[in-house]
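A.B. asks: Provided below: query12.cif, containing mmCIF, C-alpha atoms.
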```
data_final
#
loop_
_atom_site.label_atom_id
_atom_site.label_comp_id
_atom_site.auth_asym_id
_atom_site.auth_seq_id
_atom_site.Cartn_x
_atom_site.Cartn_y
_atom_site.Cartn_z
CA MET A 873 0.00 0.00 0.00
CA PHE A 874 1.13 3.54 -0.65
CA PHE A 875 -0.26 7.05 -0.87
CA ASN A 876 -1.22 7.77 -4.45
CA LEU A 877 -2.70 11.26 -4.09
CA LEU A 878 -2.93 13.86 -1.32
CA ARG A 879 -5.47 16.66 -1.25
CA THR A 880 -5.55 19.37 1.43
CA VAL A 881 -7.80 22.31 2.22
CA SER A 882 -6.65 25.02 4.68
CA PHE A 883 -4.03 22.63 6.06
CA ARG A 884 -1.14 24.73 7.40
CA ASN A 885 0.37 26.71 4.52
CA LEU A 886 -0.19 24.01 1.88
CA SER A 887 -2.02 25.04 -1.28
CA ASP A 888 -5.57 23.77 -1.63
CA LYS A 889 -4.92 21.28 -4.37
CA GLU A 890 -4.35 17.63 -5.21
CA ILE A 891 -0.76 16.35 -5.37
CA PHE A 892 0.32 13.12 -7.03
CA THR A 893 2.50 11.00 -4.72
CA GLY A 894 2.40 7.65 -6.48
CA ALA A 895 6.07 6.66 -6.29
CA LYS A 896 7.95 4.41 -3.90
CA ASP A 897 10.34 7.24 -2.98
CA VAL A 898 9.26 10.88 -2.85
CA PHE A 899 11.72 13.72 -2.13
CA LEU A 900 10.49 17.11 -0.90
CA VAL A 901 13.19 19.75 -1.40
CA GLY A 902 12.98 23.30 -0.09
CA GLU A 903 14.16 25.85 2.43
CA ASN A 904 12.95 25.80 6.02
CA GLY A 905 9.41 27.06 6.58
CA GLN A 906 8.17 26.36 3.05
CA GLY A 907 5.85 23.44 3.84
CA LYS A 908 7.90 20.22 3.63
CA SER A 909 7.09 19.09 7.17
CA ASN A 910 3.50 20.24 6.72
CA PHE A 911 3.15 17.86 3.78
CA LEU A 912 4.39 14.93 5.89
CA GLU A 913 2.07 16.02 8.69
CA ALA A 914 -0.89 15.92 6.29
CA LEU A 915 -0.07 12.34 5.30
CA TYR A 916 0.28 11.34 8.94
CA PHE A 917 -3.01 13.10 9.73
CA CYS A 918 -4.73 10.93 7.14
CA ALA A 919 -3.12 7.80 8.58
CA TYR A 920 -4.01 8.35 12.24
CA ALA A 921 -6.35 11.38 12.38
CA SER A 922 -3.81 13.16 14.57
CA SER A 923 -0.62 15.18 14.19
CA PHE A 924 2.89 14.12 15.14
CA ARG A 925 3.75 17.77 15.85
CA VAL A 926 0.93 19.27 17.92
CA VAL A 927 -1.77 18.04 20.30
CA ARG A 928 -4.55 20.47 19.41
CA ASP A 929 -6.04 20.10 15.94
CA SER A 930 -6.84 23.81 15.92
CA GLU A 931 -3.13 24.57 15.51
CA ILE A 932 -3.14 22.89 12.09
CA ALA A 933 -5.69 25.11 10.40
CA TYR A 934 -4.27 27.79 8.09
CA ASN A 935 -4.22 31.39 9.26
CA GLY A 936 -6.81 31.11 12.00
CA LYS A 937 -9.41 29.21 9.99
CA LYS A 938 -11.61 26.77 11.88
CA ASP A 939 -12.27 24.17 9.20
CA PHE A 940 -9.66 22.14 7.32
CA CYS A 941 -9.16 18.68 5.88
CA ALA A 942 -6.69 16.25 4.39
CA GLN A 943 -7.58 13.42 2.04
CA VAL A 944 -5.57 10.60 0.48
CA ASN A 945 -6.18 8.09 -2.24
CA LEU A 946 -4.48 4.75 -1.66
CA SER A 947 -3.18 2.30 -4.21
CA GLU A 948 -3.32 -1.48 -3.88
CA SER A 949 -5.83 -1.27 -1.01
CA VAL A 950 -9.52 -2.02 -0.55
CA HIS A 951 -9.61 1.23 1.46
CA ASP A 952 -9.32 3.49 -1.57
CA ASP A 953 -9.98 6.84 0.07
CA ILE A 954 -9.43 8.34 3.52
CA LEU A 955 -10.74 11.78 4.46
CA VAL A 956 -10.09 13.44 7.82
CA LYS A 957 -11.78 16.78 8.31
CA ILE A 958 -12.50 19.32 11.01
CA GLU A 959 -15.78 21.20 10.67
CA ASN A 960 -17.10 23.51 13.38
CA GLY A 961 -14.58 22.05 15.78
CA LYS A 962 -15.73 18.46 15.20
CA LYS A 963 -13.45 15.80 13.70
CA SER A 964 -14.82 13.34 11.17
CA ILE A 965 -13.07 10.34 9.65
CA LEU A 966 -14.43 8.83 6.45
CA ILE A 967 -13.05 5.73 4.77
CA ASN A 968 -14.56 5.12 1.35
CA GLY A 969 -17.26 7.60 2.33
CA LYS A 970 -18.25 5.76 5.52
CA ASN A 971 -17.82 7.28 8.96
CA VAL A 972 -15.26 5.74 11.30
CA ASN A 973 -15.93 6.22 15.00
CA ASP A 974 -12.73 4.77 16.42
CA ARG A 975 -9.25 5.71 15.20
CA LYS A 976 -8.13 2.19 16.12
CA GLU A 977 -9.67 1.04 12.84
CA MET A 978 -7.07 3.09 10.94
CA LEU A 979 -3.98 1.40 12.38
CA SER A 980 -3.80 -1.46 9.90
CA ILE A 981 -4.76 0.57 6.83
CA THR A 982 -1.96 3.12 6.44
CA PRO A 983 0.76 2.35 9.00
CA CYS A 984 3.22 5.26 9.03
CA ILE A 985 6.48 5.56 10.92
CA VAL A 986 7.65 9.15 11.23
CA PHE A 987 11.27 10.16 11.84
CA CYS A 988 11.59 13.72 13.14
CA HIS A 989 13.62 15.97 15.46
CA GLU A 990 11.03 15.61 18.22
CA ASP A 991 12.06 11.95 18.53
CA MET A 992 14.97 13.17 20.67
CA GLU A 993 12.40 13.39 23.48
CA PHE A 994 12.41 9.58 23.61
CA VAL A 995 16.11 9.74 24.50
CA ASN A 996 16.50 12.97 26.49
CA GLY A 997 12.94 13.48 27.68
CA SER A 998 10.80 12.29 30.54
CA PRO A 999 9.97 8.65 31.37
CA GLU A 1000 6.46 9.44 30.15
CA ARG A 1001 7.73 10.15 26.62
CA ARG A 1002 9.60 6.83 26.53
CA ARG A 1003 6.52 4.97 27.72
CA TRP A 1004 4.56 6.75 24.98
CA PHE A 1005 6.99 5.52 22.33
CA PHE A 1006 6.89 1.89 23.42
CA ASP A 1007 3.12 2.00 23.90
CA GLN A 1008 2.83 3.32 20.35
CA SER A 1009 5.13 0.56 19.07
CA LEU A 1010 2.93 -2.11 20.63
CA SER A 1011 -0.34 -0.49 19.62
CA LEU A 1012 0.67 -0.40 15.96
CA TYR A 1013 0.50 -4.17 15.68
CA ASP A 1014 -1.57 -5.25 18.70
CA PRO A 1015 -5.09 -3.74 18.87
CA VAL A 1016 -5.83 -5.77 22.03
CA TYR A 1017 -2.93 -4.04 23.79
CA LEU A 1018 -4.31 -0.66 22.72
CA GLU A 1019 -7.74 -1.53 24.08
CA ASP A 1020 -6.28 -2.74 27.40
CA LEU A 1021 -4.23 0.46 27.59
CA ARG A 1022 -7.35 2.54 27.09
CA ARG A 1023 -9.20 0.58 29.79
CA TYR A 1024 -6.30 0.93 32.21
CA ARG A 1025 -6.21 4.69 31.62
CA ARG A 1026 -9.95 5.01 32.19
CA VAL A 1027 -9.73 3.22 35.54
CA LEU A 1028 -6.62 5.22 36.46
CA LYS A 1029 -8.40 8.47 35.62
CA SER A 1030 -11.33 7.56 37.85
CA ARG A 1031 -8.98 6.50 40.62
CA ASN A 1032 -6.90 9.68 40.42
CA SER A 1033 -10.00 11.86 40.37
CA LEU A 1034 -11.24 10.18 43.54
CA LEU A 1035 -7.88 10.53 45.29
CA LYS A 1036 -7.51 14.16 44.24
CA ASP A 1037 -10.98 15.12 45.45
CA PHE A 1038 -10.30 13.54 48.83
CA SER A 1039 -6.82 15.06 49.22
CA GLN A 1040 -8.12 18.53 48.40
CA ARG A 1041 -11.09 18.02 50.73
CA ARG A 1042 -13.64 18.46 47.98
CA THR A 1043 -15.43 15.54 49.55
CA GLN A 1044 -15.52 14.21 53.09
CA GLU A 1045 -16.64 10.76 52.03
CA ASN A 1046 -14.06 8.05 52.60
CA PRO A 1047 -13.05 6.61 49.19
CA ASP A 1048 -12.12 3.15 50.49
CA LYS A 1049 -15.19 1.36 49.14
CA VAL A 1050 -14.81 2.79 45.65
CA LEU A 1051 -11.06 2.13 45.64
CA ASP A 1052 -11.72 -1.46 46.71
CA ALA A 1053 -13.82 -1.80 43.55
CA LEU A 1054 -11.40 0.05 41.23
CA ASP A 1055 -8.14 -1.56 42.36
CA PRO A 1056 -8.79 -5.09 41.01
CA GLN A 1057 -9.71 -3.57 37.63
CA LEU A 1058 -6.57 -1.43 37.60
CA VAL A 1059 -4.44 -4.47 38.44
CA MET A 1060 -6.13 -6.76 35.92
CA TYR A 1061 -5.50 -4.40 32.99
CA GLY A 1062 -2.10 -3.36 34.34
CA LEU A 1063 -0.84 -6.95 34.46
CA LYS A 1064 -1.90 -7.46 30.85
CA LEU A 1065 0.10 -4.38 29.82
CA MET A 1066 3.16 -5.44 31.79
CA GLU A 1067 3.18 -8.93 30.31
CA LYS A 1068 3.11 -7.61 26.76
CA ARG A 1069 5.64 -4.87 27.49
CA LYS A 1070 8.15 -7.43 28.77
CA LYS A 1071 7.82 -9.50 25.61
CA ALA A 1072 7.87 -6.49 23.30
CA VAL A 1073 10.95 -4.87 24.84
CA LYS A 1074 12.91 -8.11 24.38
CA ASP A 1075 11.86 -8.34 20.73
CA PHE A 1076 12.67 -4.66 20.29
CA ALA A 1077 16.13 -4.99 21.88
CA ASP A 1078 16.98 -7.96 19.64
CA ILE A 1079 16.37 -5.70 16.64
CA PHE A 1080 17.80 -2.48 18.02
CA GLN A 1081 21.15 -3.67 19.42
CA PRO A 1082 22.71 -4.87 16.13
CA LEU A 1083 21.28 -1.84 14.31
CA TYR A 1084 23.03 0.60 16.61
CA GLU A 1085 26.30 -1.29 16.49
CA GLU A 1086 26.26 -1.39 12.68
CA VAL A 1087 25.60 2.33 12.25
CA CYS A 1088 27.45 3.81 15.24
CA GLY A 1089 30.08 1.15 15.91
CA ILE A 1090 29.16 0.84 19.60
CA GLY A 1091 28.04 -2.55 20.88
CA GLY A 1092 26.03 -3.66 23.86
CA ILE A 1093 23.33 -0.96 23.58
CA SER A 1094 19.95 -2.26 24.70
CA VAL A 1095 16.68 -1.33 26.44
CA LEU A 1096 15.88 -2.17 30.06
CA TYR A 1097 12.24 -2.29 31.13
CA THR A 1098 11.59 -1.70 34.84
CA GLN A 1099 8.15 -2.36 36.28
CA SER A 1100 6.65 -0.15 38.96
CA TRP A 1101 4.83 -3.10 40.54
CA LYS A 1102 7.36 -5.64 41.81
CA GLU A 1103 4.73 -8.04 43.12
CA LYS A 1104 3.96 -11.01 40.86
CA THR A 1105 0.32 -11.93 41.42
CA GLU A 1106 -2.90 -9.96 41.14
CA GLN A 1107 -3.69 -10.56 44.80
CA ASP A 1108 -0.28 -9.34 45.94
CA ILE A 1109 -0.54 -6.14 43.88
CA VAL A 1110 -4.05 -5.39 45.19
CA ALA A 1111 -2.67 -5.87 48.72
CA HIS A 1112 0.22 -3.54 47.89
CA LEU A 1113 -2.19 -0.84 46.71
CA LYS A 1114 -4.21 -1.16 49.88
CA GLN A 1115 -1.07 -0.86 51.98
CA LYS A 1116 -0.06 2.33 50.14
CA ARG A 1117 -3.58 3.80 50.10
CA GLN A 1118 -3.02 6.37 52.85
CA ALA A 1119 0.03 7.75 51.03
CA GLU A 1120 -1.92 7.99 47.78
CA MET A 1121 -4.86 9.66 49.49
CA ALA A 1122 -2.47 12.24 50.90
CA ALA A 1123 -0.74 12.75 47.54
CA GLY A 1124 -3.99 12.85 45.58
CA LEU A 1125 -2.84 10.47 42.83
CA SER A 1126 -1.87 6.88 42.07
CA LEU A 1127 1.79 6.41 42.94
CA SER A 1128 2.44 3.04 41.29
CA GLY A 1129 1.41 1.04 38.25
CA PRO A 1130 2.28 0.71 34.55
CA HIS A 1131 1.89 4.48 34.18
CA ARG A 1132 5.07 4.68 36.30
CA ASP A 1133 7.06 1.99 34.47
CA ARG A 1134 10.43 3.00 33.08
CA TYR A 1135 12.55 2.26 30.02
CA VAL A 1136 16.29 2.89 30.17
CA PHE A 1137 18.78 2.70 27.29
CA THR A 1138 21.72 0.77 28.64
CA GLN A 1139 25.21 -0.29 27.60
CA ASN A 1140 26.67 -3.60 28.62
CA SER A 1141 30.45 -3.27 28.73
CA GLN A 1142 32.13 -6.45 29.95
CA GLY A 1143 29.21 -7.25 32.23
CA ASN A 1144 28.93 -3.70 33.60
CA ILE A 1145 25.49 -2.31 32.70
CA THR A 1146 25.19 1.49 32.74
CA ASP A 1147 22.75 4.15 31.56
CA PHE A 1148 24.04 4.89 28.05
CA THR A 1149 22.27 8.21 27.58
CA VAL A 1150 24.02 9.78 30.59
CA ARG A 1151 27.39 9.82 28.88
CA ALA A 1152 26.47 9.52 25.19
CA SER A 1153 27.39 12.40 22.92
CA THR A 1154 24.76 14.49 21.18
CA GLY A 1155 25.46 12.68 17.91
CA GLN A 1156 25.15 9.28 19.58
CA ARG A 1157 21.84 10.26 21.16
CA ARG A 1158 20.58 11.58 17.83
CA LEU A 1159 21.39 8.26 16.17
CA LEU A 1160 19.74 6.48 19.07
CA ALA A 1161 16.51 8.37 18.39
CA LEU A 1162 16.64 7.63 14.65
CA LEU A 1163 17.32 3.97 15.15
CA LEU A 1164 14.49 3.68 17.66
CA ARG A 1165 12.16 4.53 14.79
CA THR A 1166 13.99 2.11 12.50
CA ALA A 1167 13.57 -0.67 15.05
CA GLN A 1168 9.93 0.31 15.52
CA ALA A 1169 9.32 -0.17 11.80
CA CYS A 1170 11.20 -3.49 11.79
CA LEU A 1171 9.20 -4.73 14.78
CA TYR A 1172 5.95 -3.75 13.07
CA SER A 1173 6.92 -5.64 9.91
CA SER A 1174 8.02 -8.74 11.84
CA GLN A 1175 4.74 -8.86 13.74
CA THR A 1176 2.33 -8.07 10.90
CA LYS A 1177 4.21 -9.23 7.78
CA GLN A 1178 3.38 -5.83 6.30
CA ASN A 1179 5.67 -2.92 5.47
CA PRO A 1180 4.97 0.62 6.69
CA VAL A 1181 5.21 3.99 4.97
CA LEU A 1182 8.22 5.98 6.21
CA LEU A 1183 8.07 9.75 6.73
CA LEU A 1184 11.62 11.10 7.20
CA ASP A 1185 11.70 14.77 8.16
CA ASP A 1186 15.23 16.24 7.77
CA VAL A 1187 16.74 13.19 9.47
CA LEU A 1188 19.93 13.16 7.39
CA LEU A 1189 20.71 16.83 7.92
CA GLU A 1190 23.07 16.54 10.89
CA MET A 1191 24.93 13.39 9.79
CA ASP A 1192 28.22 13.20 7.97
CA GLY A 1193 28.39 11.31 4.69
CA GLN A 1194 29.47 8.01 6.20
CA LYS A 1195 26.73 7.99 8.85
CA ARG A 1196 24.13 8.88 6.21
CA ARG A 1197 25.13 5.95 4.05
CA LYS A 1198 25.08 3.56 7.00
CA PHE A 1199 21.72 4.82 8.20
CA LEU A 1200 20.16 4.50 4.76
CA SER A 1201 21.60 1.00 4.44
CA VAL A 1202 19.72 -0.18 7.55
CA LEU A 1203 16.37 1.43 6.75
CA PRO A 1204 13.64 -1.17 7.14
CA ALA A 1205 11.66 -2.54 4.23
CA TYR A 1206 8.93 -0.09 3.29
CA ASP A 1207 6.08 0.29 0.85
CA GLN A 1208 6.79 3.99 0.37
CA ALA A 1209 9.11 6.64 1.81
CA PHE A 1210 8.90 10.44 1.90
CA TYR A 1211 12.08 12.43 2.59
CA THR A 1212 12.55 16.16 3.20
CA PHE A 1213 15.78 17.90 2.18
CA LEU A 1214 17.26 21.37 2.14
CA PRO A 1215 18.35 22.45 -1.36
CA GLU A 1216 22.05 22.33 -0.45
CA GLU A 1217 21.89 18.71 0.71
CA PRO A 1218 23.25 16.04 -1.68
CA TYR A 1219 19.85 14.44 -2.19
CA GLN A 1220 20.65 13.63 -5.82
CA GLN A 1221 23.05 10.96 -4.49
CA TYR A 1222 20.18 9.08 -2.85
CA LYS A 1223 17.58 9.17 -5.63
CA LYS A 1224 16.61 6.13 -7.64
CA PRO A 1225 15.50 6.05 -11.28
CA ASP A 1226 11.82 6.26 -10.31
CA THR A 1227 12.17 8.73 -7.42
CA LEU A 1228 9.62 11.55 -7.51
CA ILE A 1229 11.23 14.90 -6.60
CA TYR A 1230 9.20 17.98 -5.67
CA THR A 1231 10.48 21.47 -4.96
CA VAL A 1232 8.48 23.04 -2.14
CA LYS A 1233 8.08 26.81 -1.95
CA GLU A 1234 5.49 28.75 0.06
CA GLY A 1235 3.23 25.73 0.31
CA GLU A 1236 3.33 24.95 -3.41
CA LEU A 1237 4.90 21.79 -4.84
CA TYR A 1238 6.64 21.86 -8.22
CA ILE A 1239 8.17 19.06 -10.28
#
```
Starting from the file, lay out its structure as structure tokens.
C.D. replies:
Amino acid sequence: MFFNLLRTVSFRNLSDKEIFTGAKDVFLVGENGQGKSNFLEALYFCAYASSFRVVRDSEIAYNGKKDFCAQVNLSESVHDDILVKIENGKKSILINGKNVNDRKEMLSITPCIVFCHEDMEFVNGSPERRRWFFDQSLSLYDPVYLEDLRRYRRVLKSRNSLLKDFSQRRTQENPDKVLDALDPQLVMYGLKLMEKRKKAVKDFADIFQPLYEEVCGIGGISVLYTQSWKEKTEQDIVAHLKQKRQAEMAAGLSLSGPHRDRYVFTQNSQGNITDFTVRASTGQRRLLALLLRTAQACLYSSQTKQNPVLLLDDVLLEMDGQKRRKFLSVLPAYDQAFYTFLPEEPYQQYKKPDTLIYTVKEGELYI
């Protein structure tokens, strides 16, 4: 499957027109601020009905407009047409003209893996951002995991709301009875998440470690998954939550669970395991972020036997020639790839005979 056509209306600075994208490799060449990243964002928006750059959809609309849309035509797919639009503040998703109520239905249609500068947050950022990355990796190929994650978050939200109200004395009612009902649900869904996370992080590390060594020349780089709940059984975890209840009621939030799990990028040097990101150089961390996405795509393909679409936003810009060649050599199999380049970059070296090259200027695309 690949994107054959993209049409946008009031989407960022992109012109309101239809653009042909029916090639395996598409290069978008232009100066900063001309619309290259916006074009990738529009494709991603059609794939998942969300942006990889902003949280609020309202930030996407051009020049303060309220309504906008992006639409793609797909080749080699029974899902010929996907339209995602915002009208009067309401988002609608239509696949072949039929409304889709749950974005989960889109995951297997147009799987996209985006490589961008914001990926550095998975290396340098908070534990929450790392959890988000690995949760996304699992959700791409396991809809049951995504549903369990949603259920866990719903129970956690109810639990936190109850704890917060009590800690801030918004209610005098003792929350013990409600917590006694919520805790087994939280633990049931949490254990399901933890079990799949343990398996996924091992599969991910098996892919990621040789990738990093091949590109960067540093061996022993892996991912360590640390669970917040150390107890093994459902009964033991429920007992642990009850034991810690007074502390949570005082804090006004849930202090343990999968929402507090951690992922650490480690290096094993002669049996000595250390946190790699603490002493890694900026270049090594940048490659780490890029290869996380590469491994994510490889993991998706190994689990689904399908290849994703790759969206690569200025990822080669800060690499020297040797690192660029090595990185491109380990790119996962893909159905289609979109690259953005500055005009001074040597993009002509990477094109293939059938590569489609667009010049992007002020939101317009030119052959």
A.B. asks: Which distance in Å separates atom CA of A:Ser1141 and atom CA of A:Asp1078, to one decimal?
C.D. replies: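 A separation of 16.9 Å between them.
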A.B. asks: I need the residue set behind the PyMOL selection byres ((chain A and resi 1056-1059) around 8) for this file; please write it as a list in words.
C.D. replies: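 Against this file, the PyMOL selection byres ((chain A and resi 1056-1059) around 8) returns the residues Tyr1024, Val1027, Leu1028, Asp1052, Ala1053, Leu1054, Asp1055, Met1060, Tyr1061, Gly1062, Leu1063, Glu1106, Ile1109 and Val1110 of chain A.
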A.B. asks: Pull out every residue that the PyMOL selection byres ((chain A and resi 978-981) around 8) matches in the shown coordinates and put them as a ChimeraX atom specification.
C.D. replies: /A:919-920,951,975-977,982-983,1012-1013
A.B. asks: For this structure, which residues satisfy the selection - the PyMOL selection byres ((chain A and resi 903) around 7) - when it is evaluated on the file as given? I want them as a list in words.
C.D. replies: Gly902, Asn904, Gly905, Gln906, Leu1214 and Pro1215 of chain A
A.B. asks: Interatomic distance between atom CA of A:Gln1168 and atom CA of A:Ile891?
C.D. replies: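 One can read the atom CA of A:Gln1168 to atom CA of A:Ile891 distance as 28.4 Å.
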A.B. asks: In Å, with one decimal, what is the gap from atom CA of A:Ile958 to atom CA of A:Cys941?
C.D. replies: 6.2 Å
A.B. asks: Please check which residues have atoms at most 7 Å from (18.9, 10.2, 31.4) in the file's coordinates, counting all atoms listed in the file, and write them as number ranges by chain.
C.D. replies: A: 996, 1149-1150
A.B. asks: Filtering to C-alpha atoms, could you give me those residues as a tab-separated table (two decimals), in the frame of the given file?
C.D. replies:
```tsv
chain	number	residue	atom	x	y	z
A	996	ASN	CA	16.50	12.97	26.49
A	1149	THR	CA	22.27	8.21	27.58
A	1150	VAL	CA	24.02	9.78	30.59
```
A.B. asks: Which residue, A:Arg1069, A:His1112, A:Arg1031, A:Arg1026, has the smallest gap to A:Ser1011 when you use all atoms listed in the file?
C.D. replies: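 Closest residue, counting all atoms listed in the file: A:Arg1069.
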A.B. asks: Tell me, as a list in words, which residues lie within 8 Å of stretch 1197-1203 of chain A, counting all atoms listed in the file; anything in the same chain fewer than 2 positions away does not count.
C.D. replies: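 Within the cut-off, the hits are Leu1083, Glu1086, Val1087, Thr1166, Gly1193, Gln1194, Lys1195 and Ala1205 of chain A.
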A.B. asks: List as a PDB file with C-alpha atoms, in the frame of the given file the protein and nucleic acid residues near stretch 1041-1051 of chain A, meaning an atom at most 9 Å away when only C-alpha atoms are counted, but skip any in the same chain fewer than 4 places from it.
C.D. replies:
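Now in result23.pdb:
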```pdb
ATOM      1  CA  ARG A1031      -8.980   6.500  40.620  1.00  0.00           C
ATOM      2  CA  LEU A1034     -11.240  10.180  43.540  1.00  0.00           C
ATOM      3  CA  LEU A1035      -7.880  10.530  45.290  1.00  0.00           C
ATOM      4  CA  LYS A1036      -7.510  14.160  44.240  1.00  0.00           C
ATOM      5  CA  ASP A1037     -10.980  15.120  45.450  1.00  0.00           C
ATOM      6  CA  ASP A1055      -8.140  -1.560  42.360  1.00  0.00           C
ATOM      7  CA  PRO A1056      -8.790  -5.090  41.010  1.00  0.00           C
ATOM      8  CA  LYS A1114      -4.210  -1.160  49.880  1.00  0.00           C
ATOM      9  CA  ARG A1117      -3.580   3.800  50.100  1.00  0.00           C
ATOM     10  CA  MET A1121      -4.860   9.660  49.490  1.00  0.00           C
TER      11      MET A1121
END
```
